[in-house]
>>> print(open('query_21.cif').read())   # mmCIF, C-alpha atoms
data_work
loop_
_atom_site.label_atom_id
_atom_site.label_comp_id
_atom_site.auth_asym_id
_atom_site.auth_seq_id
_atom_site.Cartn_x
_atom_site.Cartn_y
_atom_site.Cartn_z
CA MET A 1 10.60 -11.44 -14.38
CA ASP A 2 9.00 -12.44 -17.68
CA ALA A 3 5.28 -13.01 -18.20
CA ALA A 4 5.43 -16.75 -17.48
CA GLU A 5 7.24 -16.25 -14.17
CA LEU A 6 4.81 -13.52 -13.18
CA VAL A 7 1.81 -15.67 -14.02
CA GLU A 8 3.18 -18.59 -12.02
CA GLY A 9 3.98 -16.34 -9.06
CA VAL A 10 0.58 -14.64 -9.10
CA ARG A 11 -1.26 -17.96 -9.32
CA ALA A 12 0.71 -19.11 -6.27
CA GLY A 13 -0.27 -15.88 -4.48
CA LYS A 14 3.36 -14.76 -4.06
CA ARG A 15 3.63 -11.13 -3.07
CA ARG A 16 6.56 -9.94 -5.16
CA PRO A 17 5.22 -11.17 -8.51
CA VAL A 18 1.79 -9.72 -7.64
CA ALA A 19 3.41 -6.38 -6.80
CA ARG A 20 5.55 -6.40 -9.96
CA LEU A 21 2.62 -7.24 -12.21
CA LEU A 22 0.55 -4.47 -10.64
CA SER A 23 3.31 -2.02 -11.60
CA LEU A 24 3.45 -3.32 -15.17
CA VAL A 25 -0.35 -3.11 -15.41
CA GLU A 26 -0.19 0.53 -14.40
CA GLU A 27 2.40 1.22 -17.10
CA ASN A 28 0.25 -0.66 -19.59
CA HIS A 29 3.35 -2.71 -20.36
CA PRO A 30 3.16 -5.40 -23.09
CA VAL A 31 4.29 -8.03 -20.56
CA ALA A 32 1.26 -7.14 -18.43
CA VAL A 33 -1.07 -7.61 -21.40
CA GLU A 34 0.37 -11.07 -21.98
CA ALA A 35 0.24 -12.03 -18.29
CA LEU A 36 -3.35 -10.84 -17.90
CA ARG A 37 -4.44 -12.93 -20.85
CA GLU A 38 -2.82 -15.98 -19.24
CA LEU A 39 -4.39 -15.23 -15.87
CA HIS A 40 -7.90 -14.65 -17.13
CA ASP A 41 -9.13 -18.15 -16.28
CA ALA A 42 -8.10 -17.62 -12.66
CA THR A 43 -10.25 -14.51 -12.28
CA GLY A 44 -13.91 -14.00 -11.46
CA GLY A 45 -13.86 -15.57 -8.02
CA ALA A 46 -13.44 -12.41 -5.97
CA HIS A 47 -16.28 -10.22 -4.77
CA VAL A 48 -15.25 -6.72 -5.86
CA VAL A 49 -16.46 -4.11 -3.39
CA GLY A 50 -16.22 -0.38 -4.17
CA VAL A 51 -15.92 2.14 -1.35
CA THR A 52 -16.42 5.71 -2.40
CA GLY A 53 -17.32 9.07 -0.88
CA SER A 54 -16.10 12.62 -0.38
CA PRO A 55 -12.64 13.27 1.11
CA GLY A 56 -12.62 12.92 4.89
CA THR A 57 -15.65 10.66 5.16
CA GLY A 58 -13.55 7.83 6.62
CA LYS A 59 -13.24 5.53 3.61
CA SER A 60 -9.77 4.31 4.51
CA THR A 61 -10.63 3.66 8.15
CA LEU A 62 -13.79 1.86 7.08
CA THR A 63 -11.78 -0.21 4.61
CA ASP A 64 -9.36 -1.10 7.40
CA ARG A 65 -12.23 -2.32 9.56
CA LEU A 66 -13.67 -4.33 6.66
CA ILE A 67 -10.27 -5.96 6.14
CA GLU A 68 -10.26 -6.91 9.81
CA HIS A 69 -13.80 -8.29 9.55
CA TYR A 70 -13.13 -10.38 6.44
CA ARG A 71 -9.87 -11.69 7.85
CA ARG A 72 -11.72 -12.98 10.91
CA GLU A 73 -13.94 -14.89 8.49
CA GLY A 74 -10.78 -16.35 6.97
CA LYS A 75 -11.13 -14.52 3.67
CA ARG A 76 -8.15 -13.18 1.77
CA VAL A 77 -8.46 -9.49 1.06
CA GLY A 78 -6.95 -7.25 -1.61
CA VAL A 79 -7.25 -3.47 -1.64
CA ILE A 80 -6.67 -0.95 -4.41
CA ALA A 81 -6.59 2.51 -2.80
CA VAL A 82 -6.77 5.29 -5.38
CA ASP A 83 -5.54 8.76 -4.42
CA PRO A 84 -5.25 11.82 -6.64
CA SER A 85 -1.94 12.69 -8.27
CA SER A 86 -0.87 16.32 -8.48
CA PRO A 87 -1.92 17.70 -11.85
CA PHE A 88 1.15 19.95 -11.69
CA SER A 89 4.08 17.66 -10.94
CA GLY A 90 2.45 14.31 -11.70
CA GLY A 91 3.67 13.21 -8.27
CA ALA A 92 1.47 12.14 -5.40
CA ILE A 93 1.46 11.52 -1.69
CA LEU A 94 -0.47 8.31 -1.19
CA GLY A 95 -1.47 8.16 2.45
CA ASP A 96 -4.32 5.65 2.61
CA ARG A 97 -2.06 3.08 4.24
CA ILE A 98 -1.74 5.26 7.35
CA ARG A 99 -5.30 4.25 8.23
CA MET A 100 -4.95 0.64 7.11
CA GLN A 101 -2.61 -0.71 9.74
CA SER A 102 -4.68 -3.36 11.54
CA ARG A 103 -3.38 -6.13 9.34
CA SER A 104 -0.22 -4.54 7.98
CA THR A 105 1.90 -7.68 8.20
CA ASP A 106 -0.87 -10.23 7.60
CA PRO A 107 0.01 -12.39 4.57
CA GLY A 108 -3.72 -12.69 3.81
CA VAL A 109 -3.94 -8.97 3.01
CA PHE A 110 -2.49 -7.15 0.02
CA ILE A 111 -2.87 -3.37 -0.19
CA ARG A 112 -1.78 -1.30 -3.16
CA SER A 113 -1.84 2.50 -3.42
CA VAL A 114 -2.49 3.97 -6.85
CA GLY A 115 -2.12 7.56 -8.02
CA THR A 116 -4.54 8.86 -10.63
CA ARG A 117 -1.61 10.25 -12.67
CA GLY A 118 -3.80 12.48 -14.73
CA ALA A 119 -4.35 9.63 -17.21
CA LEU A 120 -8.08 9.89 -16.72
CA GLY A 121 -9.26 7.68 -19.55
CA GLY A 122 -6.81 5.00 -18.53
CA LEU A 123 -7.50 4.94 -14.81
CA SER A 124 -10.56 2.73 -14.87
CA ALA A 125 -8.92 0.40 -17.38
CA SER A 126 -5.76 -0.04 -15.36
CA THR A 127 -7.70 -0.35 -12.11
CA ALA A 128 -9.86 -3.07 -13.67
CA ASP A 129 -6.67 -4.93 -14.59
CA ALA A 130 -5.22 -4.41 -11.11
CA VAL A 131 -8.37 -5.91 -9.60
CA LYS A 132 -7.94 -8.93 -11.86
CA VAL A 133 -4.37 -9.44 -10.67
CA LEU A 134 -5.49 -9.50 -7.02
CA ASP A 135 -8.43 -11.72 -7.95
CA ALA A 136 -6.13 -14.19 -9.71
CA SER A 137 -3.74 -14.19 -6.75
CA GLY A 138 -6.49 -15.76 -4.64
CA CYS A 139 -8.23 -12.84 -2.94
CA ASP A 140 -11.82 -13.61 -1.92
CA VAL A 141 -12.67 -9.93 -1.60
CA VAL A 142 -11.10 -7.03 -3.49
CA ILE A 143 -11.92 -3.57 -2.14
CA VAL A 144 -11.51 -0.60 -4.48
CA GLU A 145 -11.37 2.63 -2.51
CA THR A 146 -11.61 5.96 -4.29
CA VAL A 147 -12.81 9.52 -3.85
CA GLY A 148 -16.21 9.73 -5.46
CA VAL A 149 -15.79 13.01 -7.26
CA GLY A 150 -15.76 13.28 -11.01
CA GLN A 151 -16.44 10.95 -13.90
CA ALA A 152 -13.11 9.11 -13.79
CA GLU A 153 -13.65 8.04 -10.20
CA VAL A 154 -17.25 7.05 -10.87
CA ASP A 155 -16.00 4.87 -13.74
CA VAL A 156 -13.49 3.26 -11.41
CA VAL A 157 -16.02 2.37 -8.77
CA ARG A 158 -18.45 1.07 -11.38
CA LEU A 159 -16.21 -1.91 -11.91
CA ALA A 160 -17.24 -3.18 -8.48
CA ASP A 161 -19.89 -5.85 -7.96
CA THR A 162 -21.16 -3.96 -4.93
CA VAL A 163 -20.69 -0.21 -4.46
CA CYS A 164 -20.72 1.38 -1.00
CA VAL A 165 -21.20 5.14 -0.92
CA VAL A 166 -19.93 6.67 2.33
CA LEU A 167 -21.60 9.79 3.70
CA VAL A 168 -21.02 11.71 6.94
CA PRO A 169 -22.95 14.33 8.91
CA ASN A 170 -22.14 18.01 8.73
CA LEU A 171 -20.31 18.16 5.42
CA GLY A 172 -22.75 20.80 4.30
CA ASP A 173 -25.29 19.51 1.87
CA ASP A 174 -23.43 16.27 1.49
CA VAL A 175 -26.08 14.38 -0.41
CA GLN A 176 -26.25 17.20 -2.92
CA ALA A 177 -22.50 17.28 -3.30
CA VAL A 178 -22.16 13.63 -4.21
CA LYS A 179 -25.50 13.31 -5.93
CA ALA A 180 -24.40 13.56 -9.53
CA GLY A 181 -23.53 10.07 -10.64
CA VAL A 182 -22.54 8.70 -7.28
CA MET A 183 -25.94 8.44 -5.62
CA GLU A 184 -27.27 6.35 -8.49
CA ILE A 185 -24.49 3.80 -8.31
CA ALA A 186 -24.86 3.06 -4.60
CA ASP A 187 -25.79 -0.48 -3.67
CA VAL A 188 -25.22 0.26 0.00
CA PHE A 189 -25.23 3.63 1.72
CA VAL A 190 -22.98 4.06 4.72
CA VAL A 191 -23.59 6.88 7.17
CA ASN A 192 -20.21 6.94 8.86
CA LYS A 193 -19.35 8.94 11.99
CA ALA A 194 -22.91 8.11 13.03
CA ASP A 195 -22.14 9.15 16.60
CA LEU A 196 -22.04 12.78 15.50
CA ASP A 197 -24.99 15.16 15.62
CA GLY A 198 -26.64 15.38 12.25
CA SER A 199 -26.37 11.70 11.32
CA ASP A 200 -30.17 11.38 11.50
CA LYS A 201 -30.44 14.24 9.04
CA VAL A 202 -28.12 12.58 6.50
CA HIS A 203 -29.99 9.32 6.96
CA ALA A 204 -33.29 11.07 6.29
CA GLU A 205 -31.88 12.87 3.24
CA VAL A 206 -30.75 9.62 1.68
CA GLU A 207 -34.13 8.04 2.33
CA ALA A 208 -35.85 11.05 0.82
CA SER A 209 -33.69 10.97 -2.30
CA MET A 210 -34.43 7.28 -2.78
CA SER A 211 -38.16 7.78 -2.38
CA LEU A 212 -38.11 9.88 -5.54
CA GLY A 213 -37.33 6.80 -7.63
CA HIS A 214 -40.01 4.67 -9.24
CA PRO A 215 -38.72 1.14 -9.50
CA ASP A 216 -40.48 -0.83 -12.21
CA GLU A 217 -39.15 -4.22 -11.15
CA ASP A 218 -40.66 -6.47 -8.52
CA ASP A 219 -37.28 -7.49 -7.18
CA PHE A 220 -35.83 -4.00 -7.08
CA TRP A 221 -32.83 -3.59 -4.80
CA TRP A 222 -33.40 -0.80 -2.32
CA PRO A 223 -29.93 0.21 -1.14
CA PRO A 224 -29.86 -0.26 2.62
CA ILE A 225 -28.51 2.52 4.80
CA VAL A 226 -25.95 1.28 7.33
CA ARG A 227 -24.76 3.44 10.20
CA THR A 228 -21.14 3.04 11.24
CA VAL A 229 -18.52 4.55 13.49
CA ALA A 230 -15.46 3.22 11.68
CA ASP A 231 -13.12 4.58 14.30
CA ARG A 232 -14.61 2.20 16.88
CA ALA A 233 -15.57 -0.52 14.37
CA THR A 234 -19.25 0.00 15.24
CA GLY A 235 -21.64 -1.17 12.52
CA VAL A 236 -18.97 -2.98 10.51
CA PRO A 237 -20.54 -6.46 10.75
CA GLU A 238 -23.84 -4.89 9.62
CA LEU A 239 -22.05 -3.30 6.67
CA ALA A 240 -20.46 -6.61 5.70
CA ASP A 241 -23.90 -8.24 5.97
CA ALA A 242 -25.42 -5.62 3.68
CA VAL A 243 -22.64 -6.20 1.14
CA ALA A 244 -23.21 -9.95 1.29
CA GLU A 245 -26.99 -9.51 0.96
CA HIS A 246 -26.49 -7.38 -2.12
CA ARG A 247 -24.41 -10.14 -3.66
CA ALA A 248 -27.04 -12.77 -2.80
CA TRP A 249 -29.75 -10.60 -4.36
CA ALA A 250 -27.68 -9.92 -7.47
CA GLU A 251 -26.96 -13.61 -7.97
CA ARG A 252 -30.59 -14.55 -7.43
CA THR A 253 -31.95 -12.00 -9.90
CA GLY A 254 -29.27 -12.22 -12.56
CA HIS A 255 -27.95 -8.74 -11.90
CA TRP A 256 -24.57 -10.22 -10.99
CA HIS A 257 -24.09 -11.48 -14.53
CA THR A 258 -25.61 -8.39 -16.11
CA ARG A 259 -23.12 -6.22 -14.31
CA ARG A 260 -20.20 -8.47 -15.13
CA ARG A 261 -21.27 -8.53 -18.77
CA GLN A 262 -21.29 -4.73 -18.80
CA ARG A 263 -17.90 -4.74 -17.16
CA LEU A 264 -16.52 -7.05 -19.82
CA ARG A 265 -17.86 -4.85 -22.60
CA ARG A 266 -16.38 -1.79 -20.97
CA GLN A 267 -13.07 -3.51 -20.63
CA VAL A 268 -12.93 -4.53 -24.28
CA ARG A 269 -13.88 -0.98 -25.20
CA ASP A 270 -11.03 0.33 -23.03
CA LEU A 271 -8.59 -2.11 -24.64
CA LEU A 272 -9.63 -1.00 -28.13
CA HIS A 273 -9.36 2.62 -27.11
CA ARG A 274 -5.87 2.07 -25.79
CA ALA A 275 -4.81 0.10 -28.85
CA VAL A 276 -5.86 2.84 -31.27
CA GLU A 277 -4.37 5.52 -29.08
CA ARG A 278 -1.09 3.69 -28.84
CA PHE A 279 -1.12 3.26 -32.62
CA ALA A 280 -1.48 6.98 -33.18
CA PHE A 281 0.47 8.49 -30.30
CA SER A 282 3.64 7.92 -28.41
CA GLY A 283 3.00 9.49 -25.02
CA GLN A 284 1.56 12.96 -25.54
CA ASP A 285 2.92 13.38 -29.08
CA PRO A 286 1.62 12.01 -32.37
CA ARG A 287 3.65 9.23 -33.93
CA ASP A 288 6.39 10.69 -36.14
CA ASP A 289 4.87 9.70 -39.48
CA PHE A 290 1.49 11.16 -38.47
CA ALA A 291 3.01 14.47 -37.37
CA PRO A 292 2.59 16.07 -40.85
CA LEU A 293 -1.17 15.34 -40.68
CA PHE A 294 -1.39 17.25 -37.43
CA GLU A 295 0.80 20.00 -38.86
CA ALA A 296 -1.55 20.38 -41.85
CA ALA A 297 -4.60 20.61 -39.61
CA GLN A 298 -2.81 23.16 -37.47
CA HIS A 299 -2.37 25.38 -40.56
CA GLY A 300 -6.01 25.03 -41.49
CA GLU A 301 -5.31 22.83 -44.54
CA SER A 302 -7.43 20.01 -43.15
CA ALA A 303 -9.83 19.34 -40.28
CA PRO A 304 -9.23 17.20 -37.18
CA GLN A 305 -11.80 14.82 -38.65
CA ASP A 306 -9.53 14.31 -41.67
CA VAL A 307 -6.59 13.56 -39.40
CA ALA A 308 -8.57 10.98 -37.45
CA ALA A 309 -9.90 9.38 -40.66
CA ARG A 310 -6.41 9.07 -42.14
CA ILE A 311 -5.06 7.52 -38.96
CA LEU A 312 -7.95 5.05 -38.84
CA ASP A 313 -7.26 4.08 -42.45
CA ALA A 314 -3.66 3.39 -41.56
CA PHE A 315 -4.81 1.42 -38.51
CA LYS A 316 -7.08 -0.77 -40.61
CA ARG A 317 -4.26 -1.53 -43.01
CA SER A 318 -1.74 -2.25 -40.24
CA MET B 1 3.25 2.43 -22.50
CA THR B 2 4.21 5.18 -20.13
CA ASP B 3 7.19 5.43 -17.83
CA ARG B 4 5.83 5.11 -14.38
CA PRO B 5 6.88 7.74 -11.86
CA ILE B 6 9.53 6.81 -9.33
CA ARG B 7 7.84 5.31 -6.27
CA VAL B 8 9.25 5.97 -2.81
CA LEU B 9 8.08 4.65 0.55
CA VAL B 10 8.69 7.23 3.26
CA ALA B 11 8.59 5.49 6.61
CA LYS B 12 9.07 6.26 10.27
CA PRO B 13 10.54 3.31 12.14
CA GLY B 14 10.96 3.48 15.89
CA LEU B 15 9.11 5.15 18.67
CA ASP B 16 9.65 8.89 18.25
CA GLY B 17 6.64 10.92 17.23
CA HIS B 18 8.37 13.56 15.12
CA ASP B 19 7.30 13.30 11.50
CA ARG B 20 7.82 16.87 10.38
CA GLY B 21 11.04 15.90 8.58
CA ALA B 22 9.43 12.90 6.91
CA LYS B 23 6.51 15.04 5.75
CA VAL B 24 8.78 17.77 4.36
CA VAL B 25 10.69 15.15 2.40
CA ALA B 26 7.47 13.48 1.20
CA ARG B 27 6.18 16.82 -0.04
CA ALA B 28 9.44 17.66 -1.82
CA LEU B 29 9.50 14.28 -3.54
CA ARG B 30 5.90 14.66 -4.66
CA ASP B 31 6.72 18.07 -6.10
CA ALA B 32 9.59 16.44 -7.99
CA GLY B 33 7.00 14.20 -9.66
CA PHE B 34 7.52 11.07 -7.56
CA GLU B 35 4.80 8.92 -6.06
CA VAL B 36 5.30 8.88 -2.32
CA ILE B 37 3.67 6.30 -0.10
CA TYR B 38 3.59 7.50 3.49
CA THR B 39 2.66 5.02 6.19
CA GLY B 40 2.64 7.12 9.36
CA LEU B 41 4.39 6.92 12.70
CA ARG B 42 5.86 4.08 14.75
CA GLN B 43 6.24 1.38 12.15
CA THR B 44 8.06 -1.86 12.84
CA PRO B 45 10.70 -2.99 10.32
CA GLN B 46 8.32 -5.81 9.34
CA GLN B 47 5.50 -3.36 8.62
CA ILE B 48 7.79 -1.16 6.54
CA VAL B 49 9.14 -4.05 4.48
CA SER B 50 5.68 -5.50 3.98
CA ALA B 51 4.47 -2.14 2.62
CA ALA B 52 7.58 -1.74 0.43
CA ILE B 53 6.98 -5.14 -1.19
CA GLN B 54 3.25 -4.62 -1.79
CA GLU B 55 3.77 -1.14 -3.19
CA ASP B 56 6.67 -2.28 -5.39
CA VAL B 57 8.66 0.84 -4.55
CA ASP B 58 12.02 1.79 -6.04
CA LEU B 59 13.28 3.31 -2.80
CA VAL B 60 12.61 3.33 0.92
CA GLY B 61 13.38 6.54 2.82
CA LEU B 62 13.63 6.11 6.59
CA SER B 63 13.36 8.86 9.17
CA CYS B 64 14.35 8.25 12.74
CA LEU B 65 14.98 10.79 15.50
CA SER B 66 15.07 8.50 18.49
CA GLY B 67 18.65 7.30 18.18
CA ALA B 68 17.68 3.76 17.23
CA HIS B 69 18.83 4.12 13.61
CA ASN B 70 21.84 1.79 14.01
CA THR B 71 19.48 -1.04 14.88
CA LEU B 72 16.44 -0.25 12.77
CA PHE B 73 17.87 0.86 9.41
CA PRO B 74 20.09 -2.21 8.82
CA LYS B 75 17.29 -4.47 10.06
CA ILE B 76 14.99 -3.08 7.37
CA LYS B 77 17.64 -3.49 4.69
CA GLN B 78 18.20 -7.08 5.83
CA LEU B 79 14.48 -7.93 5.75
CA LEU B 80 14.25 -6.53 2.22
CA VAL B 81 17.14 -8.76 1.16
CA ASP B 82 15.42 -11.73 2.83
CA GLU B 83 12.31 -11.01 0.77
CA GLY B 84 14.33 -10.98 -2.44
CA ALA B 85 14.04 -7.21 -2.73
CA GLU B 86 17.75 -6.42 -2.45
CA ASP B 87 17.40 -4.06 -5.42
CA VAL B 88 15.26 -1.62 -3.42
CA VAL B 89 17.37 1.41 -2.53
CA VAL B 90 17.36 2.35 1.16
CA PHE B 91 18.30 5.82 2.39
CA GLY B 92 17.72 7.60 5.67
CA GLY B 93 17.62 10.79 7.65
CA GLY B 94 17.32 12.13 11.15
CA ILE B 95 19.69 12.95 13.96
CA ILE B 96 22.52 10.68 12.87
CA PRO B 97 26.17 11.26 13.84
CA ASP B 98 28.75 11.10 11.02
CA ASP B 99 30.37 7.95 12.39
CA ASP B 100 27.01 6.20 12.43
CA ALA B 101 26.31 7.36 8.89
CA THR B 102 29.52 5.69 7.74
CA LEU B 103 28.58 2.52 9.57
CA LEU B 104 25.09 2.55 8.03
CA GLY B 105 26.66 3.01 4.61
CA GLU B 106 28.60 -0.21 5.12
CA LYS B 107 25.33 -1.95 5.92
CA GLY B 108 23.66 -0.95 2.70
CA ILE B 109 22.00 2.35 3.62
CA GLU B 110 23.04 4.21 0.51
CA ALA B 111 22.71 7.78 1.78
CA VAL B 112 22.06 9.59 5.04
CA PHE B 113 20.64 13.11 5.05
CA GLY B 114 21.01 15.08 8.29
CA PRO B 115 19.24 18.19 9.57
CA GLY B 116 19.54 21.19 7.27
CA THR B 117 19.71 19.08 4.11
CA ASP B 118 18.40 20.88 1.03
CA THR B 119 15.52 18.71 -0.19
CA ARG B 120 16.83 19.22 -3.74
CA ASP B 121 19.88 17.18 -2.75
CA ILE B 122 17.61 14.24 -1.94
CA VAL B 123 15.82 14.58 -5.28
CA THR B 124 19.19 14.71 -7.06
CA PHE B 125 20.45 11.64 -5.18
CA ILE B 126 17.40 9.73 -6.39
CA GLU B 127 17.35 10.92 -9.97
CA LYS B 128 21.09 10.29 -10.40
CA HIS B 129 20.90 6.82 -8.87
CA PRO B 130 22.17 4.10 -11.23
CA ARG B 131 18.80 2.34 -10.76
CA PHE B 132 17.24 4.87 -13.10
CA ASN B 133 19.91 4.56 -15.72
CA GLY B 134 20.19 8.20 -16.64
CA ARG B 135 16.43 8.49 -17.23
CA PHE B 136 16.40 11.94 -15.61
CA GLU B 137 19.62 13.48 -16.97
#
>>> encode(input="query_21.cif", output="structure tokens")
Amino acid sequence: MDAAELVEGVRAGKRRPVARLLSLVEENHPVAVEALRELHDATGGAHVVGVTGSPGTGKSTLTDRLIEHYRREGKRVGVIAVDPSSPFSGGAILGDRIRMQSRSTDPGVFIRSVGTRGALGGLSASTADAVKVLDASGCDVVIVETVGVGQAEVDVVRLADTVCVVLVPNLGDDVQAVKAGVMEIADVFVVNKADLDGSDKVHAEVEASMSLGHPDEDDFWWPPIVRTVADRATGVPELADAVAEHRAWAERTGHWHTRRRQRLRRQVRDLLHRAVERFAFSGQDPRDDFAPLFEAAQHGESAPQDVAARILDAFKRS
Amino acid sequence: MTDRPIRVLVAKPGLDGHDRGAKVVARALRDAGFEVIYTGLRQTPQQIVSAAIQEDVDLVGLSCLSGAHNTLFPKIKQLLVDEGAEDVVVFGGGIIPDDDATLLGEKGIEAVFGPGTDTRDIVTFIEKHPRFNGRFE
């Protein structure tokens, strides 16, 4: 399929073109770049919801229940489920679908599993593009599900309009563990497995950590804490309500646009980054004609700064 | 641009609850650098094909130990063809008599791996498949 066929298929919401384009996006294929440019005017309609939390907190099950909920409201749902790739083989076992079976043959649901593939810088960029493909295919809600550990994953979930951070009781000092970076980005806290002992404690810890903040705006958004038992779908309507309320607040106060403006800037930055990188490198290795520059630096004849400057000069002239 | 890893859907059609074999294969394929999408037990052919399309996989590996392979495997291949995904390679494993394996071959199941198969043979079958055009030789 060429770019025009893909664009036509995606606009019509056809599954095979959507799936093919998602693959090309992941490869950062030139056809994907062209197709995404064409599709841009069809994007922006979907509410992008991030679901993040430590492994085993029930993110996939919760996502499954959200799919079910949104489908009952007649909304089309897309899901990007990110799982880690092995840093050793580059392979991955992507198992999020096991828990997302409620609507496995529903044409109004499109689920895609993504491995992190060790390409850390590129993950948020390619996930942002993948979200756009699902958005352009007519999804009303796109859920991005990822483990909230590490900068790369935080970057991924930051492309959401509304971020849900999932916590559970008895994971040790859970709030501590996810605090760095993740606690600040939460728009909604979910205490999942709320039927277990210790859920009150997690709830209290989250409240305590929020009380340390000093909001300087009148219309500050205090992230609500929603208690769920995803297994039994308890609390899911309340979670969906909280997500919708966050959107309403963001639209009312202008935060919706602020966040989307930031997202656009980040995306352009990612595109520039990739363009320069692709100019200088092919895969892991420097481009052939730049290899001598690297060789010289290796032997101490020049500094890495000199190499970068020379490459940038060449880039400007190209 | 980077070559994407080979993507394989490992699926368990039918009603048996034995997924040890499927998990061993999934693990071996991951260690060979493939991306494996595993969907769990007791999947209908429709569920498997729906996942294969959405995940844009290169291959579908089916494991069945209930004896229903003659019905289920060709059904899955047929549904893939109906969806315009005739290029997706289908292979299988489980307790499958030789005669059945031949029959399945005629119906588009490109390889059948029985008990005792060395997982390296499965990796080799995939990497040498014409679909990948000598990319791994």
>>> resolve_selection(input="query_21.cif", expression="the PyMOL selection byres ((chain B) within 10 of (chain A))", output="ChimeraX atom specification")
/B:1-10,23,26-41,43-44,46-57,83-85
>>> atom_distance(input="query_21.cif", atom1="atom CA of Leu39 of chain A", atom2="atom CA of Ser124 of chain A")
19.0 Å
>>> closest_residue(input="query_21.cif", among="A:Glu145, A:Glu5, A:Asp289, A:Asp64", to="Val49 of chain A", atoms="only C-alpha atoms")
A:Glu145
>>> resolve_selection(input="query_21.cif", expression="the PyMOL selection byres ((chain A and resi 181-194) around 6)", output="list in words")
Thr162, Val163, Cys164, Val165, Val166, Leu167, Val168, Val178, Lys179, Ala180, Asp195, Leu196, Ser199, Pro223, Pro224, Ile225, Val226, Arg227, Thr228 and Val229 of chain A
>>> atom_distance(input="query_21.cif", atom1="atom CA of Gly45 of chain A", atom2="atom CA of Gly148 of chain A")
25.5 Å
>>> resolve_selection(input="query_21.cif", expression="the PyMOL selection byres ((chain B and resi 59) around 6)", output="JSON, numbers by chain")
{"B": [8, 57, 58, 60, 88, 89, 90]}
>>> residues_around(input="query_21.cif", residues="Ala250 of chain A", least_positions_apart="4", cutoff="12 Å", atoms="all atoms listed in the file", output="PyMOL selection string")
chain A and resi 47+161-162+187+219-222+243-246+254-260
>>> atom_distance(input="query_21.cif", atom1="atom CA of Ala136 of chain A", atom2="atom CA of Ala32 of chain A")
13.4 Å
>>> closest_residue(input="query_21.cif", among="B:Arg20, B:His69, B:His129, B:Arg135", to="Pro97 of chain B", atoms="only C-alpha atoms")
B:His69
>>> build_atoms(input="query_21.cif", residues="segment 87-96 of chain B", atoms="N, CA, C and O atoms", output="PDB file, in the frame of the given file")
ATOM      1  N   ASP B  87      17.220  -5.166  -4.481  1.00  0.00           N
ATOM      2  CA  ASP B  87      17.400  -4.060  -5.420  1.00  0.00           C
ATOM      3  C   ASP B  87      16.755  -2.766  -4.932  1.00  0.00           C
ATOM      4  O   ASP B  87      17.019  -1.694  -5.470  1.00  0.00           O
ATOM      5  N   VAL B  88      15.907  -2.840  -3.922  1.00  0.00           N
ATOM      6  CA  VAL B  88      15.260  -1.620  -3.420  1.00  0.00           C
ATOM      7  C   VAL B  88      16.289  -0.763  -2.684  1.00  0.00           C
ATOM      8  O   VAL B  88      16.989  -1.242  -1.795  1.00  0.00           O
ATOM      9  N   VAL B  89      16.381   0.492  -3.094  1.00  0.00           N
ATOM     10  CA  VAL B  89      17.370   1.410  -2.530  1.00  0.00           C
ATOM     11  C   VAL B  89      16.876   1.926  -1.181  1.00  0.00           C
ATOM     12  O   VAL B  89      15.745   2.386  -1.075  1.00  0.00           O
ATOM     13  N   VAL B  90      17.730   1.847  -0.160  1.00  0.00           N
ATOM     14  CA  VAL B  90      17.360   2.350   1.160  1.00  0.00           C
ATOM     15  C   VAL B  90      18.220   3.564   1.502  1.00  0.00           C
ATOM     16  O   VAL B  90      19.440   3.532   1.353  1.00  0.00           O
ATOM     17  N   PHE B  91      17.558   4.650   1.895  1.00  0.00           N
ATOM     18  CA  PHE B  91      18.300   5.820   2.390  1.00  0.00           C
ATOM     19  C   PHE B  91      17.602   6.299   3.664  1.00  0.00           C
ATOM     20  O   PHE B  91      16.513   5.829   4.003  1.00  0.00           O
ATOM     21  N   GLY B  92      18.289   7.210   4.385  1.00  0.00           N
ATOM     22  CA  GLY B  92      17.720   7.600   5.670  1.00  0.00           C
ATOM     23  C   GLY B  92      18.013   9.035   6.032  1.00  0.00           C
ATOM     24  O   GLY B  92      18.736   9.749   5.329  1.00  0.00           O
ATOM     25  N   GLY B  93      17.391   9.440   7.143  1.00  0.00           N
ATOM     26  CA  GLY B  93      17.620  10.790   7.650  1.00  0.00           C
ATOM     27  C   GLY B  93      17.261  10.850   9.110  1.00  0.00           C
ATOM     28  O   GLY B  93      16.681   9.903   9.659  1.00  0.00           O
ATOM     29  N   GLY B  94      17.605  11.970   9.737  1.00  0.00           N
ATOM     30  CA  GLY B  94      17.320  12.130  11.150  1.00  0.00           C
ATOM     31  C   GLY B  94      18.550  12.662  11.868  1.00  0.00           C
ATOM     32  O   GLY B  94      19.463  13.202  11.232  1.00  0.00           O
ATOM     33  N   ILE B  95      18.544  12.491  13.179  1.00  0.00           N
ATOM     34  CA  ILE B  95      19.690  12.950  13.960  1.00  0.00           C
ATOM     35  C   ILE B  95      20.711  11.819  13.993  1.00  0.00           C
ATOM     36  O   ILE B  95      20.661  10.937  14.853  1.00  0.00           O
ATOM     37  N   ILE B  96      21.626  11.826  13.035  1.00  0.00           N
ATOM     38  CA  ILE B  96      22.520  10.680  12.870  1.00  0.00           C
ATOM     39  C   ILE B  96      23.973  11.165  12.817  1.00  0.00           C
ATOM     40  O   ILE B  96      24.363  11.865  11.875  1.00  0.00           O
TER      41      ILE B  96
END
